[in-house]
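Engineer: query_11.cif (mmCIF, C-alpha atoms) pasted underneath:
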data_target
#
loop_
_atom_site.label_atom_id
_atom_site.label_comp_id
_atom_site.auth_asym_id
_atom_site.auth_seq_id
_atom_site.Cartn_x
_atom_site.Cartn_y
_atom_site.Cartn_z
CA MET A 1 69.09 217.35 86.97
CA ASN A 2 68.82 217.40 83.16
CA GLY A 3 67.89 213.73 83.25
CA ALA A 4 64.94 214.44 85.55
CA TRP A 5 63.67 217.19 83.23
CA LEU A 6 64.04 214.88 80.24
CA LEU A 7 62.03 212.21 82.08
CA LEU A 8 59.27 214.75 82.82
CA ASP A 9 59.21 215.83 79.15
CA LEU A 10 59.09 212.23 77.98
CA VAL A 11 56.01 211.66 80.15
CA LEU A 12 54.33 215.02 79.51
CA VAL A 13 54.58 215.25 75.71
CA PRO A 14 53.00 211.85 74.91
CA MET A 15 50.23 212.63 77.42
CA ILE A 16 49.49 215.94 75.65
CA LEU A 17 49.39 214.20 72.27
CA ALA A 18 47.20 211.40 73.63
CA ALA A 19 44.77 213.87 75.25
CA ALA A 20 44.58 215.85 71.97
CA LEU A 21 43.89 212.68 69.95
CA CYS A 22 41.22 211.56 72.43
CA ALA A 23 39.59 215.02 72.32
CA VAL A 24 39.38 214.90 68.52
CA GLY A 25 38.55 211.20 68.20
CA ALA A 26 36.08 210.76 71.08
CA ARG A 27 32.73 209.33 70.00
CA ALA A 28 30.66 211.14 72.63
CA GLN A 29 30.78 214.95 72.68
CA PHE A 30 31.00 215.05 76.48
CA THR A 31 34.06 212.78 76.43
CA GLY A 32 35.68 214.98 73.80
CA ILE A 33 35.16 218.10 75.93
CA VAL A 34 36.57 216.43 79.06
CA PHE A 35 39.67 215.40 77.12
CA TYR A 36 39.95 218.95 75.74
CA ILE A 37 40.03 220.30 79.32
CA VAL A 38 42.64 217.70 80.31
CA TYR A 39 44.62 218.70 77.21
CA GLY A 40 44.53 222.36 78.27
CA LEU A 41 45.74 221.58 81.80
CA LEU A 42 48.60 219.42 80.49
CA LEU A 43 49.47 222.16 78.01
CA ALA A 44 49.65 224.64 80.92
CA LEU A 45 52.21 222.34 82.57
CA ALA A 46 54.18 222.31 79.31
CA TRP A 47 54.21 226.13 79.25
CA VAL A 48 55.53 226.18 82.83
CA ARG A 49 58.21 223.72 81.73
CA LEU A 50 59.15 226.15 78.92
CA GLY A 51 59.39 229.02 81.44
CA ALA A 52 56.33 230.85 80.04
CA GLU A 53 54.31 231.28 83.25
CA ASN A 54 52.12 234.02 81.74
CA VAL A 55 50.97 231.73 78.95
CA ALA A 56 50.56 228.84 81.41
CA LEU A 57 48.26 230.94 83.62
CA ALA A 58 46.22 232.03 80.59
CA GLU A 59 46.04 228.49 79.21
CA ALA A 60 44.88 227.02 82.53
CA ALA A 61 42.35 229.78 83.25
CA ILE A 62 41.01 230.56 79.78
CA GLY A 63 42.01 227.62 77.57
CA ALA A 64 41.11 224.78 79.91
CA GLY A 65 38.79 226.39 82.46
CA LEU A 66 36.65 228.98 80.72
CA THR A 67 36.60 227.40 77.24
CA GLY A 68 35.81 224.05 78.85
CA VAL A 69 32.84 225.54 80.71
CA LEU A 70 31.66 227.31 77.53
CA LEU A 71 31.83 224.02 75.58
CA LEU A 72 29.94 222.15 78.33
CA GLY A 73 27.30 224.92 78.34
CA ALA A 74 26.99 224.70 74.55
CA LEU A 75 26.62 220.91 74.80
CA ALA A 76 23.86 221.25 77.39
CA ARG A 77 21.96 223.58 75.01
CA LEU A 78 22.30 221.25 72.00
CA PRO A 79 19.33 219.05 71.12
CA ALA A 80 19.77 215.68 72.86
CA ALA A 81 19.65 213.54 69.70
CA ALA A 82 22.91 214.28 67.93
CA PRO A 83 23.29 213.00 64.36
CA ALA A 84 24.75 209.50 64.70
CA GLU A 85 25.36 208.51 61.07
CA PRO A 86 27.89 210.48 59.01
CA GLY A 87 26.16 212.04 56.04
CA ALA A 88 22.77 212.13 57.74
CA ASP A 89 21.15 215.57 58.18
CA GLY A 90 24.08 217.52 56.78
CA SER A 91 26.88 216.25 59.03
CA PRO A 92 30.15 215.77 57.12
CA GLY A 93 30.60 212.47 55.24
CA THR A 94 33.62 210.19 55.29
CA ALA A 95 35.31 211.82 52.28
CA LEU A 96 35.04 215.30 53.77
CA ARG A 97 36.34 214.07 57.14
CA LEU A 98 39.25 212.33 55.45
CA ALA A 99 40.10 215.47 53.48
CA ALA A 100 39.95 217.59 56.67
CA ALA A 101 42.16 215.08 58.50
CA ILE A 102 44.74 215.07 55.69
CA LEU A 103 44.79 218.88 55.49
CA CYS A 104 45.17 219.22 59.28
CA ALA A 105 47.93 216.60 59.36
CA ALA A 106 49.73 218.38 56.51
CA LEU A 107 49.43 221.69 58.37
CA ALA A 108 50.82 220.12 61.56
CA LEU A 109 53.72 218.56 59.64
CA GLY A 110 54.45 221.87 57.88
CA LEU A 111 54.43 223.78 61.18
CA GLY A 112 56.66 221.15 62.78
CA ALA A 113 59.10 221.33 59.87
CA ALA A 114 59.14 225.14 60.08
CA VAL A 115 59.91 225.05 63.82
CA LEU A 116 62.65 222.45 63.34
CA ALA A 117 64.16 224.48 60.49
CA LEU A 118 64.54 227.62 62.66
CA PRO A 119 68.17 228.72 63.03
CA GLU A 120 69.73 228.35 66.47
CA PRO A 121 69.37 230.69 68.37
CA ALA A 122 65.91 231.43 66.95
CA PRO A 123 65.50 234.98 65.60
CA GLY A 124 63.22 237.13 67.74
CA LEU A 125 62.65 240.43 69.46
CA ALA A 126 63.29 239.11 72.97
CA ASP A 127 66.64 240.90 73.28
CA VAL A 128 65.20 244.20 72.05
CA ALA A 129 62.29 243.85 74.48
CA ALA A 130 64.62 243.09 77.39
CA ALA A 131 66.81 246.07 76.48
CA HIS A 132 63.89 248.53 76.46
CA LEU A 133 62.00 247.09 79.45
CA PRO A 134 63.54 249.51 82.02
CA ALA A 135 62.20 252.49 80.02
CA THR A 136 58.63 251.35 80.71
CA GLY A 137 59.05 250.95 84.48
CA LEU A 138 57.37 247.55 84.21
CA GLY A 139 58.99 244.36 85.44
CA ASN A 140 57.04 241.87 83.36
CA PRO A 141 58.14 241.88 79.69
CA VAL A 142 54.91 240.15 78.62
CA THR A 143 52.81 242.99 80.06
CA ALA A 144 55.10 245.49 78.32
CA VAL A 145 54.53 243.73 74.98
CA LEU A 146 50.78 243.38 75.48
CA LEU A 147 50.05 246.92 76.63
CA VAL A 148 52.93 249.12 75.52
CA TRP A 149 54.55 247.84 72.34
CA ARG A 150 51.71 245.81 70.85
CA GLY A 151 48.79 247.59 72.54
CA TYR A 152 46.90 247.52 69.23
CA ASP A 153 46.55 243.72 69.38
CA THR A 154 45.29 243.76 72.96
CA LEU A 155 42.79 246.54 72.23
CA LEU A 156 41.37 244.57 69.32
CA GLU A 157 41.28 241.39 71.43
CA VAL A 158 39.07 242.95 74.09
CA VAL A 159 36.82 244.40 71.38
CA VAL A 160 36.51 240.91 69.85
CA LEU A 161 35.49 239.60 73.29
CA LEU A 162 32.76 242.24 73.42
CA LEU A 163 31.58 241.28 69.91
CA ALA A 164 31.42 237.62 71.00
CA LEU A 165 29.11 238.64 73.86
CA LEU A 166 26.91 240.57 71.41
CA GLY A 167 26.79 237.40 69.29
CA VAL A 168 25.55 235.38 72.30
CA TRP A 169 22.98 238.04 73.18
CA SER A 170 21.70 238.07 69.59
CA LEU A 171 20.33 234.54 70.21
CA THR A 172 17.80 236.03 72.68
CA PRO A 173 14.13 235.49 71.75
CA ASP A 174 12.46 238.88 71.10
CA PRO A 175 10.17 238.99 74.20
CA LEU A 176 13.14 238.33 76.50
CA TRP A 177 15.45 240.98 75.00
CA GLY A 178 17.36 242.77 77.73
CA GLY A 179 16.38 240.06 80.22
CA VAL A 180 18.27 237.89 82.67
CA PRO A 181 20.62 235.15 81.39
CA GLY A 182 20.28 231.55 82.53
CA PRO A 183 17.90 229.96 85.02
CA ARG A 184 17.53 231.23 88.59
CA HIS A 185 19.65 228.81 90.55
CA ARG A 186 17.96 227.50 93.67
CA THR A 187 20.00 225.57 96.20
CA ARG A 188 19.43 224.24 99.71
CA PRO A 189 20.44 227.09 102.04
CA GLU A 190 22.48 224.72 104.23
CA GLY A 191 23.94 222.76 101.28
CA VAL A 192 27.57 222.34 100.27
CA LEU A 193 27.33 224.52 97.15
CA VAL A 194 26.10 227.46 99.22
CA PHE A 195 28.90 226.80 101.70
CA LEU A 196 31.50 226.83 98.89
CA GLY A 197 29.82 229.91 97.41
CA ARG A 198 30.32 231.71 100.72
CA VAL A 199 33.82 230.45 101.57
CA LEU A 200 35.55 230.74 98.21
CA PRO A 201 34.70 234.27 96.93
CA PRO A 202 36.77 236.21 99.51
CA ALA A 203 39.86 234.13 98.64
CA GLY A 204 38.98 234.24 94.93
CA LEU A 205 38.64 238.03 94.94
CA LEU A 206 41.98 238.33 96.73
CA VAL A 207 43.73 236.03 94.23
CA GLY A 208 42.10 237.83 91.29
CA ALA A 209 43.18 241.25 92.54
CA HIS A 210 46.67 239.91 93.27
CA VAL A 211 47.07 238.41 89.78
CA PHE A 212 46.03 241.76 88.25
CA TRP A 213 48.35 243.78 90.49
CA ALA A 214 51.28 241.35 90.13
CA GLY A 215 50.88 241.46 86.33
CA ALA A 216 52.90 244.68 86.08
CA ASP A 217 56.07 243.06 87.42
CA ARG A 218 55.51 239.29 87.51
CA PRO A 219 53.44 236.69 85.65
CA GLY A 220 49.78 237.70 85.70
CA GLY A 221 47.61 240.32 84.04
CA ALA A 222 44.14 241.44 83.06
CA PHE A 223 43.01 238.32 81.19
CA GLN A 224 44.06 235.84 83.89
CA ALA A 225 42.71 238.04 86.71
CA GLY A 226 39.47 238.67 84.81
CA THR A 227 38.92 234.94 84.37
CA ILE A 228 39.40 234.29 88.10
CA LEU A 229 36.97 237.08 89.02
CA ALA A 230 34.44 235.77 86.47
CA ALA A 231 34.69 232.29 88.02
CA VAL A 232 34.03 233.72 91.50
CA TRP A 233 31.01 235.62 90.19
CA LEU A 234 29.62 232.55 88.39
CA LEU A 235 30.09 230.45 91.55
CA ALA A 236 28.03 232.95 93.56
CA ILE A 237 25.33 232.88 90.83
CA MET A 238 25.27 229.07 90.62
CA ALA A 239 25.11 228.77 94.41
CA GLY A 240 21.97 230.91 94.25
CA LEU A 241 23.55 233.57 96.47
CA THR A 242 23.02 236.22 93.84
CA ASP A 243 21.25 236.39 90.49
CA ALA A 244 22.67 237.19 87.07
CA PRO A 245 21.97 240.83 86.14
CA ALA A 246 19.47 241.83 83.46
CA VAL A 247 21.61 242.58 80.42
CA ARG A 248 19.85 245.89 79.74
CA GLY A 249 21.22 247.44 82.94
CA LEU A 250 23.10 250.67 82.22
CA ALA A 251 25.73 250.10 84.93
CA LEU A 252 26.44 246.64 83.54
CA ARG A 253 26.91 247.97 80.02
CA LEU A 254 29.18 250.76 81.27
CA VAL A 255 31.44 248.18 82.96
CA LEU A 256 31.40 246.08 79.77
CA VAL A 257 32.62 248.91 77.54
CA GLY A 258 34.72 250.50 80.30
CA GLY A 259 37.88 248.50 79.61
CA PRO A 260 38.07 249.07 75.84
CA ALA A 261 36.90 252.69 76.32
CA VAL A 262 39.60 253.54 78.88
CA PHE A 263 42.21 251.82 76.69
CA LEU A 264 41.01 253.77 73.65
CA GLY A 265 40.90 257.02 75.63
CA VAL A 266 44.44 256.59 76.95
CA GLY A 267 45.51 255.60 73.42
CA LEU A 268 43.96 258.71 71.88
CA ALA A 269 45.49 260.90 74.60
CA GLY A 270 48.80 259.36 73.53
CA LEU A 271 48.43 261.26 70.25
CA ALA A 272 48.81 264.51 72.17
CA THR A 273 51.16 263.46 74.99
CA ALA A 274 53.45 260.96 73.24
CA GLY A 275 52.92 261.73 69.57
CA ALA A 276 51.50 258.32 68.70
CA PHE A 277 48.18 256.48 68.97
CA LEU A 278 48.43 254.07 71.94
CA GLY A 279 51.67 255.78 73.02
CA TYR A 280 52.33 256.74 76.63
CA PRO A 281 54.13 259.84 77.94
CA PRO A 282 57.55 258.48 79.07
CA ASP A 283 57.19 259.38 82.77
CA PHE A 284 53.71 257.89 83.21
CA VAL A 285 53.98 254.54 81.45
CA LYS A 286 53.46 252.33 84.49
CA PRO A 287 50.56 254.21 86.14
CA LEU A 288 48.72 254.42 82.82
CA VAL A 289 49.30 250.73 82.10
CA VAL A 290 47.97 249.81 85.57
CA LEU A 291 44.93 252.07 85.00
CA VAL A 292 44.19 250.42 81.63
CA GLU A 293 44.73 246.95 83.12
CA ALA A 294 42.34 247.70 86.00
CA ALA A 295 39.56 248.75 83.63
CA LEU A 296 40.31 245.79 81.34
CA THR A 297 40.24 243.32 84.27
CA LEU A 298 36.73 244.43 85.28
CA SER A 299 35.44 244.42 81.69
CA ILE A 300 36.95 241.01 80.93
CA ALA A 301 35.55 239.53 84.17
CA VAL A 302 32.00 240.72 83.42
CA THR A 303 32.23 239.80 79.71
CA LEU A 304 33.48 236.27 80.41
CA GLY A 305 30.90 235.73 83.16
CA LEU A 306 28.07 236.82 80.86
CA LEU A 307 29.46 234.67 78.01
CA VAL A 308 29.13 231.60 80.24
CA ALA A 309 25.71 232.73 81.54
CA GLY A 310 24.50 232.78 77.92
CA ALA A 311 21.60 234.50 76.20
CA PRO A 312 18.77 235.92 78.36
CA GLU A 313 16.17 233.27 79.27
CA ARG A 314 13.96 235.28 81.63
CA PRO A 315 12.19 238.62 81.12
CA PRO A 316 13.82 241.70 82.66
CA ARG A 317 12.55 242.48 86.15
CA MET B 1 69.61 217.41 109.30
CA ARG B 2 69.68 218.01 105.59
CA LEU B 3 69.65 214.26 104.95
CA ALA B 4 66.78 213.71 107.40
CA LEU B 5 64.66 216.39 105.67
CA ASP B 6 65.42 214.93 102.24
CA LEU B 7 64.47 211.49 103.49
CA PHE B 8 61.23 212.91 104.92
CA THR B 9 60.40 214.54 101.56
CA VAL B 10 61.06 211.34 99.62
CA LEU B 11 58.98 209.25 102.03
CA ALA B 12 56.02 211.65 102.21
CA VAL B 13 55.87 212.31 98.45
CA SER B 14 56.17 208.58 97.72
CA ALA B 15 53.35 207.85 100.16
CA GLY B 16 51.29 210.59 98.47
CA ALA B 17 51.95 209.09 95.04
CA PHE B 18 50.89 205.69 96.40
CA PHE B 19 47.54 207.13 97.55
CA PHE B 20 47.01 208.71 94.12
CA LEU B 21 47.71 205.30 92.58
CA ALA B 22 45.30 203.58 94.98
CA GLY B 23 42.63 206.21 94.23
CA THR B 24 43.06 205.69 90.50
CA VAL B 25 42.82 201.92 90.83
CA GLY B 26 39.65 202.39 92.90
CA LEU B 27 38.23 204.75 90.27
CA LEU B 28 38.81 202.14 87.59
CA ARG B 29 37.76 199.03 89.54
CA PHE B 30 34.92 200.01 91.89
CA PRO B 31 31.40 199.09 90.75
CA ASP B 32 29.29 202.29 91.08
CA VAL B 33 29.48 206.08 91.26
CA LEU B 34 29.40 206.39 95.05
CA THR B 35 32.22 203.93 95.73
CA ARG B 36 34.29 205.45 92.90
CA LEU B 37 33.78 208.91 94.43
CA HIS B 38 34.86 207.50 97.78
CA ALA B 39 38.08 206.14 96.27
CA LEU B 40 38.78 209.36 94.37
CA THR B 41 38.18 211.97 97.06
CA LYS B 42 39.60 210.15 100.06
CA ALA B 43 42.73 208.93 98.32
CA ASP B 44 43.41 212.13 96.38
CA ASN B 45 42.94 214.40 99.39
CA LEU B 46 45.32 212.27 101.44
CA GLY B 47 47.71 211.90 98.50
CA LEU B 48 47.88 215.63 97.82
CA GLY B 49 48.16 216.30 101.57
CA LEU B 50 51.14 213.98 101.89
CA ILE B 51 52.82 215.50 98.81
CA VAL B 52 52.32 219.02 100.22
CA LEU B 53 53.64 217.82 103.59
CA GLY B 54 56.68 216.38 101.89
CA LEU B 55 57.33 219.59 99.95
CA LEU B 56 57.00 221.87 103.01
CA PRO B 57 60.67 221.51 104.10
CA ARG B 58 61.69 222.52 100.56
CA ALA B 59 59.58 225.71 100.51
CA GLU B 60 61.61 228.90 100.03
CA GLY B 61 60.09 230.58 103.08
CA PRO B 62 57.10 230.66 105.40
CA LEU B 63 55.02 232.47 102.73
CA ALA B 64 55.71 229.78 100.12
CA ALA B 65 54.86 227.11 102.72
CA LEU B 66 51.56 228.86 103.44
CA LYS B 67 50.79 228.93 99.70
CA LEU B 68 51.41 225.18 99.51
CA LEU B 69 49.04 224.61 102.43
CA ALA B 70 46.45 226.89 100.78
CA VAL B 71 46.64 224.81 97.58
CA TRP B 72 45.86 221.69 99.62
CA LEU B 73 43.02 223.32 101.55
CA PHE B 74 41.36 224.66 98.38
CA ALA B 75 41.74 221.28 96.67
CA LEU B 76 40.10 219.66 99.73
CA LEU B 77 37.26 222.14 99.65
CA ALA B 78 36.65 221.79 95.89
CA ALA B 79 36.93 217.99 95.89
CA ALA B 80 34.54 217.59 98.83
CA THR B 81 31.97 219.93 97.25
CA VAL B 82 32.15 218.35 93.79
CA ALA B 83 31.92 214.86 95.33
CA GLN B 84 28.69 215.86 97.12
CA LEU B 85 27.22 217.34 93.92
CA VAL B 86 28.13 214.32 91.77
CA ALA B 87 26.78 211.96 94.43
CA ARG B 88 23.49 213.86 94.53
CA VAL B 89 23.08 213.58 90.75
CA ALA B 90 23.93 209.86 90.94
CA LEU B 91 21.33 209.30 93.67
CA ARG B 92 18.70 211.17 91.69
CA ARG B 93 19.42 209.10 88.56
CA ASN B 94 18.97 205.92 90.59
CA GLY B 95 15.49 207.09 91.51
CA ARG B 96 16.26 207.67 95.16
CA SER B 97 15.58 211.01 96.73
CA PRO B 98 18.72 212.69 97.99
CA GLY B 99 18.14 212.67 101.71
CA GLY B 100 20.19 212.78 104.89
CA SER B 101 23.64 214.21 105.18
CA ALA B 102 24.77 213.21 101.69
CA ALA B 103 22.70 215.85 99.92
CA GLY B 104 23.96 219.33 99.23
#
Just dump the structure as structure tokens.
Structural biologist:
Amino acid sequence: MNGAWLLLDLVLVPMILAAALCAVGARAQFTGIVFYIVYGLLLALAWVRLGAENVALAEAAIGAGLTGVLLLGALARLPAAAPAEPGADGSPGTALRLAAAILCAALALGLGAAVLALPEPAPGLADVAAAHLPATGLGNPVTAVLLVWRGYDTLLEVVVLLLALLGVWSLTPDPLWGGVPGPRHRTRPEGVLVFLGRVLPPAGLLVGAHVFWAGADRPGGAFQAGTILAAVWLLAIMAGLTDAPAVRGLALRLVLVGGPAVFLGVGLAGLATAGAFLGYPPDFVKPLVVLVEAALTLSIAVTLGLLVAGAPERPPR
Amino acid sequence: MRLALDLFTVLAVSAGAFFFLAGTVGLLRFPDVLTRLHALTKADNLGLGLIVLGLLPRAEGPLAALKLLAVWLFALLAAATVAQLVARVALRRNGRSPGGSAAG
């Protein structure tokens, strides 16, 4: 059996490296993005191979899927004539590119050397985490790390996501401020996209809710579930079945800040109930974590969907 | 019985891999977008279907088997839809209006 795994690794690792090189070295931007998506999907397989299903789900959904769509959207908004000659209109010249390549290669070599120099078994907190997992009532150690022991990181992550959305919105022309992102998608009512837009959302909503709910005990969680829900929403928008909301809507903004706000509220309550910011009272760890994850899932879904939809392009209705 | 199931798995998965190979060759060798799409969607759908069929006897239970079937059905649905959309763009670029059953 070990031989079969070795064979898989020997095929997978060169493919990841080749996809990464093609993504960086591709002449056309579109080609580079496609290779980046392929790279993300292969990387997800590598994470599964390493037994890190949580990371694999996140890589496939966010790294390959959502980031790929964001890059394609950015490419579509770029002016068509990209600078062809290095050095022309401010694009980096050969010397700068060479310096960047050397620095990146040195960084990769240094990281590789550091990983290879790790003592065996590698030092880590995995044993401590496994020992304290029963106290949380959660079954998934990754969720325990993300929301119980290192809740600070996760809180800041979702705030960063919100800031990114504000950055996208800040590109809105003044007359359209608060308006509706993206074009109104019109499709043939009997076409295939409308059919997919009607058939897929029920299953997508179910899978999204399941990934959120399973996250407490098995691989899954708010970020992966939020990405799935965002994809379902965007599909319905692109199929013309519904329209993107005007970004000045109060309900929309409440959902956007809901996740971080609930997390912050529970965290502040922890000061009184558990004696620490972002602490949980011992008997209520799991219900509170599920509550925070539910609010985060909704916020992340709406934030990611609006990130892809982009800056408002139509006046508010 | 065990041997027969194993043999079935090997045969079905091999046949699936063959269809993936044929689809890839078609993608690389066929002359235009529509024929390449034909090679890709037909061969991949059949290839994935055969692989899922071959893996069914190895599923841990009826629920896992249903999940495998769901993966195939969703891949079918997505591939068919994307093929229609790509074909429509290709037709439009060639200056023909997307008419008839091919348009989405």
Engineer: When you look at Phe74 (chain B) with a cut-off of 12 Å (counting only C-alpha atoms), what residues show up, excluding the ones that are within fewer than 3 positions of it in the same chain? I need them as number ranges by chain.
Structural biologist: A: 196, 199-201, 203-204; B: 45, 48-49, 67-71, 77-81
Engineer: Evaluate the PyMOL selection byres ((chain A and resi 263-280) around 8) and record the selected residues as a PyMOL selection string, following the chain and residue labels used in the document.
Structural biologist: chain A and resi 148+151-152+155+259-262+281-282+284-285+288+292+296
Engineer: Go ahead and save the residues from that selection, with C-alpha atoms, as an mmCIF file, keeping the file's coordinate frame.
Structural biologist:
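Output (out.cif):
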data_model
loop_
_atom_site.group_PDB
_atom_site.id
_atom_site.type_symbol
_atom_site.label_atom_id
_atom_site.label_comp_id
_atom_site.auth_asym_id
_atom_site.auth_seq_id
_atom_site.Cartn_x
_atom_site.Cartn_y
_atom_site.Cartn_z
ATOM 1 C CA VAL A 148 52.930 249.120 75.520
ATOM 2 C CA GLY A 151 48.790 247.590 72.540
ATOM 3 C CA TYR A 152 46.900 247.520 69.230
ATOM 4 C CA LEU A 155 42.790 246.540 72.230
ATOM 5 C CA GLY A 259 37.880 248.500 79.610
ATOM 6 C CA PRO A 260 38.070 249.070 75.840
ATOM 7 C CA ALA A 261 36.900 252.690 76.320
ATOM 8 C CA VAL A 262 39.600 253.540 78.880
ATOM 9 C CA PRO A 281 54.130 259.840 77.940
ATOM 10 C CA PRO A 282 57.550 258.480 79.070
ATOM 11 C CA PHE A 284 53.710 257.890 83.210
ATOM 12 C CA VAL A 285 53.980 254.540 81.450
ATOM 13 C CA LEU A 288 48.720 254.420 82.820
ATOM 14 C CA VAL A 292 44.190 250.420 81.630
ATOM 15 C CA LEU A 296 40.310 245.790 81.340
#
Engineer: Pick from A:Pro189, A:Pro173, A:Pro316, A:Gly110: nearest to chain B, with all atoms listed in the file counted?
Structural biologist: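 Under the stated criterion, the closest residue is A:Pro189.
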Engineer: Which residues are close to Ser14 (chain B), i.e. within 12 Å by all atoms listed in the file, leaving aside same-chain residues fewer than 2 positions away? Reply as an NGL selection string.
Structural biologist: :B and (7-12 or 16-21 or 47-55)
Engineer: Given the file shown, determine the residues that the PyMOL selection byres ((chain A and resi 140) around 12) selects; report them as a PyMOL selection string.
Structural biologist: chain A and resi 52-54+129-130+132-134+136-139+141-148+213-221+286+289
Engineer: Would you mind telling me which residue in A:Leu107, A:Leu193, A:Val290, A:Leu235 lies nearest to chain B when using all atoms listed in the file?
Structural biologist: A:Leu193
Engineer: Could you check how far CA of Trp169 (chain A) sits from CA of Gly182 (chain A), in Å to one decimal?
Structural biologist: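 Computing it gives 11.7 Å between the two atoms.
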Engineer: When the cut-off is 7 Å and we count all atoms listed in the file, which residues of chain A are near chain B, given as an NGL selection string?
Structural biologist: :A and (188 or 191-193)
Engineer: Between CA of Ala74 (chain A) and CA of Asn94 (chain B), what is the distance, to one decimal in Å?
Structural biologist: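 According to the coordinates, CA of Ala74 (chain A) and CA of Asn94 (chain B) are separated by 26.0 Å.
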Engineer: Please expand the PyMOL selection byres ((chain A and resi 42-49) around 12) into the concrete residues it hits in this file, giving the result as a VMD selection string.
Structural biologist: chain A and resid 5 to 6 8 to 20 35 to 41 50 to 65 219
Engineer: So how far away is CA of Gly208 (chain A) from CA of Ala222 (chain A), in Å?
Structural biologist: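 These atoms are spaced 9.2 Å apart.
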Engineer: Mind checking which residues fall within 12 Å of Leu34 (chain B), counting all atoms listed in the file, ignoring those fewer than 3 positions away in the same chain, and posting them as a VMD selection string?
Structural biologist: chain B and resid 26 to 27 30 to 31 37 to 42 83 to 91 94 102
Engineer: Point out the residue among A:Ala294, A:Leu163, A:Ala106, A:Leu71 with the least atom-to-atom distance to Gln29 (chain A), counting all atoms listed in the file.
Structural biologist: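 Answer, going by the shortest atom-to-atom distance: A:Leu71.
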